[in-house]
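Trainee: The structure's right below; bear with me while I get my questions together.
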There are 2 protein chains.
Amino acid sequence: MRHTYHDVEFCATRVALGLLAGKWKPIILFHLFGGPRRFTELWRGIPRVSKKVLLEQLRQLETAGLVERTVHNGFPPEVTYQLSAKGTELGPILRRLDQWAMTHIEGVVQIS
Amino acid sequence: MRHTYHDVEFCATRVALGLLAGKWKPIILFHLFGGPRRFTELWRGIPRVSKKVLLEQLRQLETAGLVERTVHNGFPPEVTYQLSAKGTELGPILRRLDQWAMTHIEGVVQIS
DNA sequence: TGAACGGGTTACCAGCCGGTAACCTTCTTG
DNA sequence: CAAGAAGGTTACCGGCTGGTAACCCGTTCA
């Protein structure tokens, strides 16, 4: 079963945008561009997101391969989230998108 | 009422991704990167999208200011959609995202 | 001893988004 | 004269996403 470039499921950009789709994901990523962060650290750093939703978005970023989760055993067993190589390479692209938005959209603000 | 860079509503990247969010929008944009297209031309060029949904996505791109709709009166009164300056400037960014996806995601295909 | 913290989990719900199918108007073509 | 094309519109519907609120377990601190 050959697919053509028309098939929406195989459109690279669409799939990429799909990985980034999620209300809190860009913000999470911008936090992680600053280095590894603990769960609670992210939670405190991003007001108005619930633990449940934050966790969902992190897990989705993780299964997308953009973020890695590490459990450091010891007590308290801290959990950190950090960008993978794949995720890090998105940095420059998101920054350009950020620039684009700031020059073209009213009322928008730089986050990082 | 000051807002901080934390406020998700003002995160530039998130707003930009919001404009691009929509199942068919990247495909529509890639078609329009090739020049102005008539409604039916787009509809035929993008299999499996209904007129209603295609029109919705086009209208959203239009109110986002990425796409311009022109009615050429005459008969039949053809309607064309083309990128605005703002939309055109997204081109290079989407292409980079496309590149990123093609090197990092399995089974994905270049559309333009 | 009990309160708080870290990192979650569970139950439940509302709204939006995309999808199907039918219909419409004006004009042209066989 | 009927059918089709162009560019839509309308009614209706199911599933996913994000949201709230409460709960949980193990550990450390006052």
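Each chain in the structure tokens gets a letter, A, B and so on, in the order shown; residues start at 1 in every chain, and ligands are counted from 1 in the order they appear.
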Can you check which residues of chain B have any atom within 12 Å of chain D? Use only C-alpha atoms (C1' of nucleotides) and format it as a list in words.

Mentor: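 On the chain B side, the interface is Arg38, Phe39, Thr40, Glu41, Trp43, Ser50, Lys51, Lys52, Val53, Leu54, Leu55, Glu56, Val71, Phe75, Pro76, Pro77, Glu78, Val79 and Thr80 of chain B.
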
Trainee: If we count only C-alpha atoms (C1' of nucleotides), which residues of chain C reach to within 10 Å of chain B? Please list them as a ChimeraX atom specification.

Mentor: /C:17-20,26-28

Trainee: Select, as a PyMOL selection string, those residues of chain B with any atom no more than 10 Å from chain A (distances computed using only C-alpha atoms).

Mentor: chain B and resi 3-27+30+45-49+64-65+86-87+89-90+92-112

Trainee: Could you check how far atom CA of A:Arg59 sits from atom CA of A:His31, in Å to one decimal?

Mentor: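 Separating atom CA of A:Arg59 from atom CA of A:His31 is a distance of 15.6 Å.
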
Trainee: If you run DSSP on the backbone, which residues of chain A are strand (DSSP E), as a PyMOL selection string?

Mentor: chain A and resi 37-38+67-71+79-83

Trainee: Taking all heavy atoms for each residue, export the selection above as an mmCIF file, in the first residue's frame.

Mentor:
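Output file selection32.cif is given in full below:
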data_model
loop_
_atom_site.group_PDB
_atom_site.id
_atom_site.type_symbol
_atom_site.label_atom_id
_atom_site.label_comp_id
_atom_site.auth_asym_id
_atom_site.auth_seq_id
_atom_site.Cartn_x
_atom_site.Cartn_y
_atom_site.Cartn_z
ATOM 1 N N ARG A 37 14.919 19.921 34.644
ATOM 2 C CA ARG A 37 14.060 20.461 35.700
ATOM 3 C C ARG A 37 13.346 19.320 36.394
ATOM 4 O O ARG A 37 12.971 18.336 35.767
ATOM 5 C CB ARG A 37 13.016 21.392 35.095
ATOM 6 C CG ARG A 37 13.561 22.628 34.414
ATOM 7 C CD ARG A 37 13.977 23.694 35.389
ATOM 8 N NE ARG A 37 14.413 24.922 34.715
ATOM 9 C CZ ARG A 37 15.691 25.198 34.450
ATOM 10 N NH1 ARG A 37 16.643 24.348 34.790
ATOM 11 N NH2 ARG A 37 16.005 26.343 33.854
ATOM 12 N N ARG A 38 13.127 19.491 37.680
ATOM 13 C CA ARG A 38 12.353 18.511 38.439
ATOM 14 C C ARG A 38 10.875 18.733 38.183
ATOM 15 O O ARG A 38 10.466 19.817 37.755
ATOM 16 C CB ARG A 38 12.622 18.667 39.936
ATOM 17 C CG ARG A 38 14.078 18.613 40.271
ATOM 18 C CD ARG A 38 14.285 18.723 41.756
ATOM 19 N NE ARG A 38 13.517 17.704 42.461
ATOM 20 C CZ ARG A 38 13.678 17.446 43.746
ATOM 21 N NH1 ARG A 38 14.572 18.112 44.458
ATOM 22 N NH2 ARG A 38 12.954 16.517 44.331
ATOM 23 N N VAL A 67 11.728 14.471 25.144
ATOM 24 C CA VAL A 67 12.092 14.686 26.540
ATOM 25 C C VAL A 67 12.445 13.351 27.169
ATOM 26 O O VAL A 67 11.875 12.326 26.815
ATOM 27 C CB VAL A 67 10.898 15.356 27.275
ATOM 28 C CG1 VAL A 67 11.001 15.169 28.772
ATOM 29 C CG2 VAL A 67 10.817 16.834 26.932
ATOM 30 N N GLU A 68 13.409 13.388 28.079
ATOM 31 C CA GLU A 68 13.776 12.171 28.812
ATOM 32 C C GLU A 68 13.515 12.353 30.297
ATOM 33 O O GLU A 68 13.785 13.404 30.848
ATOM 34 C CB GLU A 68 15.255 11.844 28.582
ATOM 35 C CG GLU A 68 15.499 11.209 27.226
ATOM 36 C CD GLU A 68 16.918 11.419 26.723
ATOM 37 O OE1 GLU A 68 17.756 11.899 27.512
ATOM 38 O OE2 GLU A 68 17.172 11.131 25.538
ATOM 39 N N ARG A 69 13.004 11.294 30.883
ATOM 40 C CA ARG A 69 12.667 11.317 32.309
ATOM 41 C C ARG A 69 13.680 10.462 33.055
ATOM 42 O O ARG A 69 13.956 9.335 32.656
ATOM 43 C CB ARG A 69 11.264 10.732 32.483
ATOM 44 C CG ARG A 69 10.789 10.615 33.915
ATOM 45 C CD ARG A 69 9.367 10.070 33.915
ATOM 46 N NE ARG A 69 8.835 9.898 35.265
ATOM 47 C CZ ARG A 69 9.004 8.792 35.986
ATOM 48 N NH1 ARG A 69 9.694 7.784 35.513
ATOM 49 N NH2 ARG A 69 8.480 8.711 37.189
ATOM 50 N N THR A 70 14.231 11.023 34.109
ATOM 51 C CA THR A 70 15.219 10.281 34.889
ATOM 52 C C THR A 70 14.820 10.261 36.348
ATOM 53 O O THR A 70 14.496 11.303 36.911
ATOM 54 C CB THR A 70 16.600 10.960 34.790
ATOM 55 O OG1 THR A 70 16.830 11.352 33.446
ATOM 56 C CG2 THR A 70 17.696 10.021 35.225
ATOM 57 N N VAL A 71 14.844 9.072 36.943
ATOM 58 C CA VAL A 71 14.599 8.950 38.380
ATOM 59 C C VAL A 71 15.940 8.801 39.066
ATOM 60 O O VAL A 71 16.675 7.850 38.799
ATOM 61 C CB VAL A 71 13.730 7.720 38.692
ATOM 62 C CG1 VAL A 71 13.454 7.642 40.184
ATOM 63 C CG2 VAL A 71 12.440 7.768 37.908
ATOM 64 N N VAL A 79 12.879 13.244 40.498
ATOM 65 C CA VAL A 79 12.654 12.931 39.090
ATOM 66 C C VAL A 79 12.976 14.180 38.284
ATOM 67 O O VAL A 79 12.467 15.246 38.594
ATOM 68 C CB VAL A 79 11.180 12.536 38.863
ATOM 69 C CG1 VAL A 79 10.920 12.295 37.397
ATOM 70 C CG2 VAL A 79 10.824 11.313 39.676
ATOM 71 N N THR A 80 13.827 14.031 37.280
ATOM 72 C CA THR A 80 14.098 15.192 36.439
ATOM 73 C C THR A 80 13.697 14.906 34.997
ATOM 74 O O THR A 80 13.748 13.771 34.533
ATOM 75 C CB THR A 80 15.575 15.611 36.467
ATOM 76 O OG1 THR A 80 16.368 14.522 36.017
ATOM 77 C CG2 THR A 80 16.017 16.011 37.854
ATOM 78 N N TYR A 81 13.313 15.971 34.337
ATOM 79 C CA TYR A 81 12.989 15.908 32.919
ATOM 80 C C TYR A 81 13.986 16.771 32.171
ATOM 81 O O TYR A 81 14.306 17.872 32.602
ATOM 82 C CB TYR A 81 11.574 16.428 32.686
ATOM 83 C CG TYR A 81 10.519 15.561 33.316
ATOM 84 C CD1 TYR A 81 10.113 15.759 34.633
ATOM 85 C CD2 TYR A 81 9.944 14.518 32.602
ATOM 86 C CE1 TYR A 81 9.149 14.937 35.220
ATOM 87 C CE2 TYR A 81 8.984 13.706 33.174
ATOM 88 C CZ TYR A 81 8.594 13.926 34.490
ATOM 89 O OH TYR A 81 7.642 13.105 35.060
ATOM 90 N N GLN A 82 14.488 16.240 31.055
ATOM 91 C CA GLN A 82 15.424 17.024 30.258
ATOM 92 C C GLN A 82 15.187 16.751 28.775
ATOM 93 O O GLN A 82 14.581 15.743 28.415
ATOM 94 C CB GLN A 82 16.853 16.676 30.611
ATOM 95 C CG GLN A 82 17.220 15.236 30.299
ATOM 96 C CD GLN A 82 18.222 14.683 31.293
ATOM 97 O OE1 GLN A 82 19.375 15.064 31.281
ATOM 98 N NE2 GLN A 82 17.760 13.806 32.172
ATOM 99 N N LEU A 83 15.665 17.633 27.940
ATOM 100 C CA LEU A 83 15.513 17.453 26.503
ATOM 101 C C LEU A 83 16.411 16.337 25.998
ATOM 102 O O LEU A 83 17.551 16.183 26.459
ATOM 103 C CB LEU A 83 15.882 18.750 25.784
ATOM 104 C CG LEU A 83 14.930 19.909 26.035
ATOM 105 C CD1 LEU A 83 15.515 21.171 25.434
ATOM 106 C CD2 LEU A 83 13.577 19.610 25.422
#

Trainee: Looking only at helix (DSSP H, G or I) from DSSP on the backbone, list the matching residues of chain B as number ranges by chain.

Mentor: B: 8-10, 12-20, 25-32, 39-45, 51-63, 85-88, 90-104

Trainee: Please report the interatomic distance between atom CA of A:Arg44 and atom CA of A:Leu58 in Å with one decimal.

Mentor: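 It comes out at 14.6 Å.
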
Trainee: One number please: atom CA of A:Gln60 to atom CA of A:Ser84, in Å, one decimal.

Mentor: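 Distance between the two atoms: 13.5 Å.
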